[in-house]
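Colleague: First the structure, then my questions, so here it is.
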Amino acid sequence: MLTIAAGVGIAEGIKAASGLEPRLKWPNDVYVGERKLAGVLAEAGSLHEESAGPLFGQLKYVIIGFGINILPAAHPPEIAARATSIEGELGRQVDRGLVLTECLVGLAARYHELRGGHAERVLDAWRARARESLGRTVEWDAGGTRRGMATDIDADGALVVNTDQGVERIISGEVRWI
């Protein structure tokens, strides 16, 4: 759920700072139109901490990183067709400090909702920004290429896909939107 919340927070921060209306693709890619504007990565782990004592022998953590394309860049044609930037979309400069600040505010707000037991608010916000992605055909690798229609995300943040074999939950991996 942290990556879902982070995607929502980043998209909301970009909107607040720039006025753009980013949308989301599962789980946490930020798009404008059909071109990627930003992405979020999460890395989970645990650390044995002697000083934590017997009740907290394992410290668990998640590190969230995100990248936002601010400046227009000269990309090879195959990447330029898939990538965009805030300034490229706006046709003007944007205050980078404001983008960072608004994204951090968005991340903190969505994290606070998760910690407060309001994951459904985060899921609803994700769904609102992913309307264009849901109802589309997706492909993914699971011992061979699989294909189906993405219909929703569930309470755990898994992508729900209808296939010829039934409903599948995708919990990780690369999904290609067709």
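As shown in the structure tokens, the chain order sets the letters A, B, ...; within each chain, residues go from 1, and ligands are also counted from 1 in the order they appear.
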Excluding same-chain residues fewer than 6 positions from Ala73 in chain A, what lies within 9 Å of it counting only C-alpha atoms, as a tab-separated table (two decimals) with all heavy atoms, in the first residue's frame?

Modeller:
```
chain	number	residue	atom	x	y	z
A	80	ALA	N	11.36	9.33	-26.39
A	80	ALA	CA	10.59	10.58	-26.45
A	80	ALA	C	9.10	10.32	-26.63
A	80	ALA	O	8.27	11.08	-26.14
A	80	ALA	CB	11.12	11.46	-27.58
A	84	THR	N	7.77	12.35	-20.84
A	84	THR	CA	7.49	13.78	-20.90
A	84	THR	C	8.06	14.44	-19.66
A	84	THR	O	8.65	13.78	-18.81
A	84	THR	CB	5.97	14.05	-21.05
A	84	THR	OG1	5.78	15.43	-21.36
A	84	THR	CG2	5.19	13.68	-19.81
A	85	SER	N	7.88	15.75	-19.55
A	85	SER	CA	8.37	16.50	-18.39
A	85	SER	C	7.34	17.58	-18.03
A	85	SER	O	6.51	17.95	-18.86
A	85	SER	CB	9.72	17.17	-18.71
A	85	SER	OG	9.54	18.17	-19.70
A	88	GLY	N	8.02	20.58	-20.22
A	88	GLY	CA	7.63	20.27	-21.59
A	88	GLY	C	6.12	20.32	-21.77
A	88	GLY	O	5.62	20.80	-22.79
```

Colleague: For range 120-135 of chain A, list every protein, DNA or RNA residue within 6 Å, evaluated using only C-alpha atoms, and leave out those in the same chain fewer than 4 positions away; present the list as a list in words.

Modeller: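 Skipping anything fewer than 4 positions along the chain leaves Ala5, Val8, Arg23, Leu24, Met149, Ala150 and Thr151 of chain A.
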
Colleague: Go ahead and write the residues just picked, N, CA, C and O atoms, as a PDB file, in the first residue's frame.

Modeller:
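Contents of the output file selection.pdb:
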```pdb
ATOM      1  N   ALA A   5       0.114   4.599  -2.170  1.00  0.00           N
ATOM      2  CA  ALA A   5      -0.005   5.907  -1.514  1.00  0.00           C
ATOM      3  C   ALA A   5       1.028   6.892  -2.043  1.00  0.00           C
ATOM      4  O   ALA A   5       0.727   8.076  -2.247  1.00  0.00           O
ATOM      5  N   VAL A   8      -0.004   8.243  -5.453  1.00  0.00           N
ATOM      6  CA  VAL A   8      -1.067   9.242  -5.300  1.00  0.00           C
ATOM      7  C   VAL A   8      -0.489  10.556  -4.789  1.00  0.00           C
ATOM      8  O   VAL A   8      -0.786  11.635  -5.321  1.00  0.00           O
ATOM      9  N   ARG A  23      -2.148  11.264 -14.171  1.00  0.00           N
ATOM     10  CA  ARG A  23      -2.919  10.058 -13.905  1.00  0.00           C
ATOM     11  C   ARG A  23      -1.945   8.958 -13.517  1.00  0.00           C
ATOM     12  O   ARG A  23      -0.733   9.117 -13.664  1.00  0.00           O
ATOM     13  N   LEU A  24      -2.471   7.869 -13.028  1.00  0.00           N
ATOM     14  CA  LEU A  24      -1.627   6.793 -12.520  1.00  0.00           C
ATOM     15  C   LEU A  24      -1.845   5.501 -13.287  1.00  0.00           C
ATOM     16  O   LEU A  24      -2.943   5.216 -13.748  1.00  0.00           O
ATOM     17  N   MET A 149      -7.759  -8.016 -18.863  1.00  0.00           N
ATOM     18  CA  MET A 149      -8.232  -6.638 -18.728  1.00  0.00           C
ATOM     19  C   MET A 149      -8.108  -6.201 -17.269  1.00  0.00           C
ATOM     20  O   MET A 149      -8.668  -6.836 -16.371  1.00  0.00           O
ATOM     21  N   ALA A 150      -7.366  -5.103 -17.046  1.00  0.00           N
ATOM     22  CA  ALA A 150      -7.225  -4.543 -15.705  1.00  0.00           C
ATOM     23  C   ALA A 150      -8.554  -3.903 -15.322  1.00  0.00           C
ATOM     24  O   ALA A 150      -9.079  -3.072 -16.053  1.00  0.00           O
ATOM     25  N   THR A 151      -9.098  -4.309 -14.168  1.00  0.00           N
ATOM     26  CA  THR A 151     -10.413  -3.803 -13.775  1.00  0.00           C
ATOM     27  C   THR A 151     -10.402  -2.971 -12.507  1.00  0.00           C
ATOM     28  O   THR A 151     -11.282  -2.134 -12.313  1.00  0.00           O
TER      29      THR A 151
END
```

Colleague: Would you work out the distance separating CA of Ala11 in chain A from CA of Ile170 in chain A, expressed in Å to one decimal?

Modeller: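 Straight-line distance from CA of Ala11 in chain A to CA of Ile170 in chain A works out to 22.1 Å.
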
Colleague: Between A:Lys36, A:Lys15, A:Lys25, A:His118, which residue has the minimum interatomic distance to Arg176 in chain A, considering only C-alpha atoms?

Modeller: A:Lys25

Colleague: So which residues of range 20-122 of chain A fall under helix (DSSP H, G or I) by DSSP, listed as number ranges by chain?

Modeller: A: 50-52, 54-56, 77-80, 86-90, 96-115, 119-122

Colleague: Deliver the residues from the most recent selection as a file, using N, CA and C atoms, as an mmCIF file, in the first residue's frame.

Modeller:
```cif
data_model
loop_
_atom_site.group_PDB
_atom_site.id
_atom_site.type_symbol
_atom_site.label_atom_id
_atom_site.label_comp_id
_atom_site.auth_asym_id
_atom_site.auth_seq_id
_atom_site.Cartn_x
_atom_site.Cartn_y
_atom_site.Cartn_z
ATOM 1 N N GLU A 50 20.468 -4.650 17.807
ATOM 2 C CA GLU A 50 20.692 -5.091 19.187
ATOM 3 C C GLU A 50 20.128 -4.105 20.194
ATOM 4 N N SER A 51 20.294 -2.820 19.930
ATOM 5 C CA SER A 51 19.859 -1.820 20.899
ATOM 6 C C SER A 51 18.346 -1.652 20.937
ATOM 7 N N ALA A 52 17.641 -2.316 20.023
ATOM 8 C CA ALA A 52 16.190 -2.180 20.009
ATOM 9 C C ALA A 52 15.544 -2.969 21.139
ATOM 10 N N PRO A 54 14.397 -6.669 23.291
ATOM 11 C CA PRO A 54 13.681 -7.893 22.917
ATOM 12 C C PRO A 54 12.350 -7.644 22.208
ATOM 13 N N LEU A 55 11.703 -6.533 22.472
ATOM 14 C CA LEU A 55 10.411 -6.278 21.825
ATOM 15 C C LEU A 55 10.565 -5.819 20.384
ATOM 16 N N PHE A 56 11.696 -5.246 20.067
ATOM 17 C CA PHE A 56 11.898 -4.685 18.739
ATOM 18 C C PHE A 56 13.177 -5.239 18.114
ATOM 19 N N PRO A 77 14.119 8.893 -30.228
ATOM 20 C CA PRO A 77 12.693 8.865 -30.580
ATOM 21 C C PRO A 77 11.865 7.816 -29.835
ATOM 22 N N GLU A 78 12.429 6.622 -29.600
ATOM 23 C CA GLU A 78 11.647 5.579 -28.936
ATOM 24 C C GLU A 78 11.355 5.922 -27.475
ATOM 25 N N ILE A 79 12.199 6.719 -26.838
ATOM 26 C CA ILE A 79 11.948 7.153 -25.465
ATOM 27 C C ILE A 79 11.098 8.417 -25.464
ATOM 28 N N ALA A 80 11.357 9.332 -26.388
ATOM 29 C CA ALA A 80 10.593 10.584 -26.452
ATOM 30 C C ALA A 80 9.101 10.322 -26.629
ATOM 31 N N ILE A 86 7.448 18.071 -16.823
ATOM 32 C CA ILE A 86 6.522 19.120 -16.390
ATOM 33 C C ILE A 86 6.685 20.356 -17.275
ATOM 34 N N GLU A 87 7.927 20.808 -17.461
ATOM 35 C CA GLU A 87 8.140 22.010 -18.265
ATOM 36 C C GLU A 87 7.792 21.779 -19.729
ATOM 37 N N GLY A 88 8.018 20.580 -20.224
ATOM 38 C CA GLY A 88 7.626 20.268 -21.595
ATOM 39 C C GLY A 88 6.119 20.324 -21.774
ATOM 40 N N GLU A 89 5.382 19.857 -20.798
ATOM 41 C CA GLU A 89 3.921 19.896 -20.853
ATOM 42 C C GLU A 89 3.384 21.308 -20.701
ATOM 43 N N LEU A 90 4.003 22.088 -19.805
ATOM 44 C CA LEU A 90 3.518 23.450 -19.539
ATOM 45 C C LEU A 90 4.007 24.468 -20.559
ATOM 46 N N ARG A 96 11.114 24.323 -9.069
ATOM 47 C CA ARG A 96 11.465 22.974 -8.621
ATOM 48 C C ARG A 96 11.264 22.795 -7.126
ATOM 49 N N GLY A 97 11.576 23.840 -6.365
ATOM 50 C CA GLY A 97 11.375 23.777 -4.910
ATOM 51 C C GLY A 97 9.908 23.580 -4.564
ATOM 52 N N LEU A 98 9.044 24.238 -5.311
ATOM 53 C CA LEU A 98 7.613 24.081 -5.078
ATOM 54 C C LEU A 98 7.157 22.665 -5.442
ATOM 55 N N VAL A 99 7.669 22.119 -6.533
ATOM 56 C CA VAL A 99 7.330 20.746 -6.922
ATOM 57 C C VAL A 99 7.742 19.785 -5.804
ATOM 58 N N LEU A 100 8.965 19.906 -5.317
ATOM 59 C CA LEU A 100 9.431 19.037 -4.246
ATOM 60 C C LEU A 100 8.573 19.209 -2.988
ATOM 61 N N THR A 101 8.338 20.436 -2.598
ATOM 62 C CA THR A 101 7.553 20.695 -1.391
ATOM 63 C C THR A 101 6.162 20.090 -1.500
ATOM 64 N N GLU A 102 5.474 20.335 -2.597
ATOM 65 C CA GLU A 102 4.117 19.813 -2.762
ATOM 66 C C GLU A 102 4.095 18.287 -2.812
ATOM 67 N N CYS A 103 5.125 17.687 -3.412
ATOM 68 C CA CYS A 103 5.189 16.223 -3.445
ATOM 69 C C CYS A 103 5.420 15.654 -2.048
ATOM 70 N N LEU A 104 6.277 16.291 -1.267
ATOM 71 C CA LEU A 104 6.497 15.842 0.105
ATOM 72 C C LEU A 104 5.241 16.004 0.949
ATOM 73 N N VAL A 105 4.512 17.084 0.735
ATOM 74 C CA VAL A 105 3.232 17.279 1.435
ATOM 75 C C VAL A 105 2.245 16.174 1.044
ATOM 76 N N GLY A 106 2.174 15.872 -0.250
ATOM 77 C CA GLY A 106 1.288 14.810 -0.719
ATOM 78 C C GLY A 106 1.669 13.450 -0.155
ATOM 79 N N LEU A 107 2.961 13.146 -0.143
ATOM 80 C CA LEU A 107 3.429 11.884 0.435
ATOM 81 C C LEU A 107 3.077 11.789 1.918
ATOM 82 N N ALA A 108 3.332 12.857 2.653
ATOM 83 C CA ALA A 108 3.047 12.847 4.091
ATOM 84 C C ALA A 108 1.559 12.673 4.364
ATOM 85 N N ALA A 109 0.730 13.352 3.584
ATOM 86 C CA ALA A 109 -0.722 13.258 3.798
ATOM 87 C C ALA A 109 -1.225 11.845 3.541
ATOM 88 N N ARG A 110 -0.771 11.227 2.462
ATOM 89 C CA ARG A 110 -1.246 9.873 2.141
ATOM 90 C C ARG A 110 -0.667 8.842 3.116
ATOM 91 N N TYR A 111 0.562 9.031 3.573
ATOM 92 C CA TYR A 111 1.142 8.143 4.577
ATOM 93 C C TYR A 111 0.346 8.254 5.881
ATOM 94 N N HIS A 112 0.000 9.470 6.257
ATOM 95 C CA HIS A 112 -0.793 9.700 7.470
ATOM 96 C C HIS A 112 -2.140 8.980 7.378
ATOM 97 N N GLU A 113 -2.754 8.989 6.199
ATOM 98 C CA GLU A 113 -4.019 8.270 6.029
ATOM 99 C C GLU A 113 -3.831 6.768 6.237
ATOM 100 N N LEU A 114 -2.767 6.206 5.665
ATOM 101 C CA LEU A 114 -2.512 4.781 5.870
ATOM 102 C C LEU A 114 -2.308 4.464 7.348
ATOM 103 N N ARG A 115 -1.483 5.261 7.991
ATOM 104 C CA ARG A 115 -1.205 5.038 9.418
ATOM 105 C C ARG A 115 -2.464 5.211 10.267
ATOM 106 N N ALA A 119 -6.934 3.422 4.608
ATOM 107 C CA ALA A 119 -6.394 2.958 3.329
ATOM 108 C C ALA A 119 -7.407 3.108 2.200
ATOM 109 N N GLU A 120 -8.691 2.987 2.504
ATOM 110 C CA GLU A 120 -9.714 3.098 1.455
ATOM 111 C C GLU A 120 -9.686 4.483 0.803
ATOM 112 N N ARG A 121 -9.355 5.514 1.551
ATOM 113 C CA ARG A 121 -9.231 6.862 0.969
ATOM 114 C C ARG A 121 -8.092 6.893 -0.057
ATOM 115 N N VAL A 122 -6.992 6.241 0.284
ATOM 116 C CA VAL A 122 -5.852 6.185 -0.632
ATOM 117 C C VAL A 122 -6.244 5.402 -1.886
#
```

Colleague: Give me the residues within 6 Å of range 154-159 of chain A as a compact mmCIF listing (two decimals) with C-alpha atoms, in the first residue's frame, counting only C-alpha atoms and dropping any in the same chain fewer than 4 places off.

Modeller:
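The resulting file, result_26.txt, is reproduced below:
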```txt
# COMPACT_ATOMS: atom_id res chain seq x y z
CA MET A 1 0.00 0.00 0.00
CA ARG A 169 -4.31 -10.59 -8.70
CA ILE A 170 -0.96 -9.14 -9.71
CA ILE A 171 1.06 -8.16 -6.68
```

Colleague: Could you name the residues that touch range 140-145 of chain A at 8 Å or less, counting only C-alpha atoms, but leaving out those on the same chain fewer than 5 positions away, as JSON, numbers by chain?

Modeller: {"A": [173, 174, 175, 176]}

Colleague: DSSP on the backbone, strand (DSSP E or B) only: what residues of chain A does that give? Format it as a PyMOL selection string.

Modeller: chain A and resi 23-25+29-32+35-48+58-68+83+137-141+145-153+159-163+166-170+175-177

Colleague: At a cut-off of 7 Å, using only C-alpha atoms, what residues contact Glu43 in chain A? Leave out same-chain residues fewer than 5 positions from it and give the result as JSON, numbers by chain.

Modeller: {"A": [62, 63, 64]}

Colleague: Using only C-alpha atoms, please write the residues we just selected to a file, as a PDB file, in the first residue's frame.

Modeller:
```pdb
ATOM      1  CA  VAL A  62      10.603   0.928   3.569  1.00  0.00           C
ATOM      2  CA  ILE A  63      12.603   3.434   1.586  1.00  0.00           C
ATOM      3  CA  ILE A  64      10.561   5.374  -0.967  1.00  0.00           C
TER       4      ILE A  64
END
```

Colleague: How many Å separate CA of Val138 in chain A from CA of Gly13 in chain A?

Modeller: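 Distance between the two atoms: 27.3 Å.
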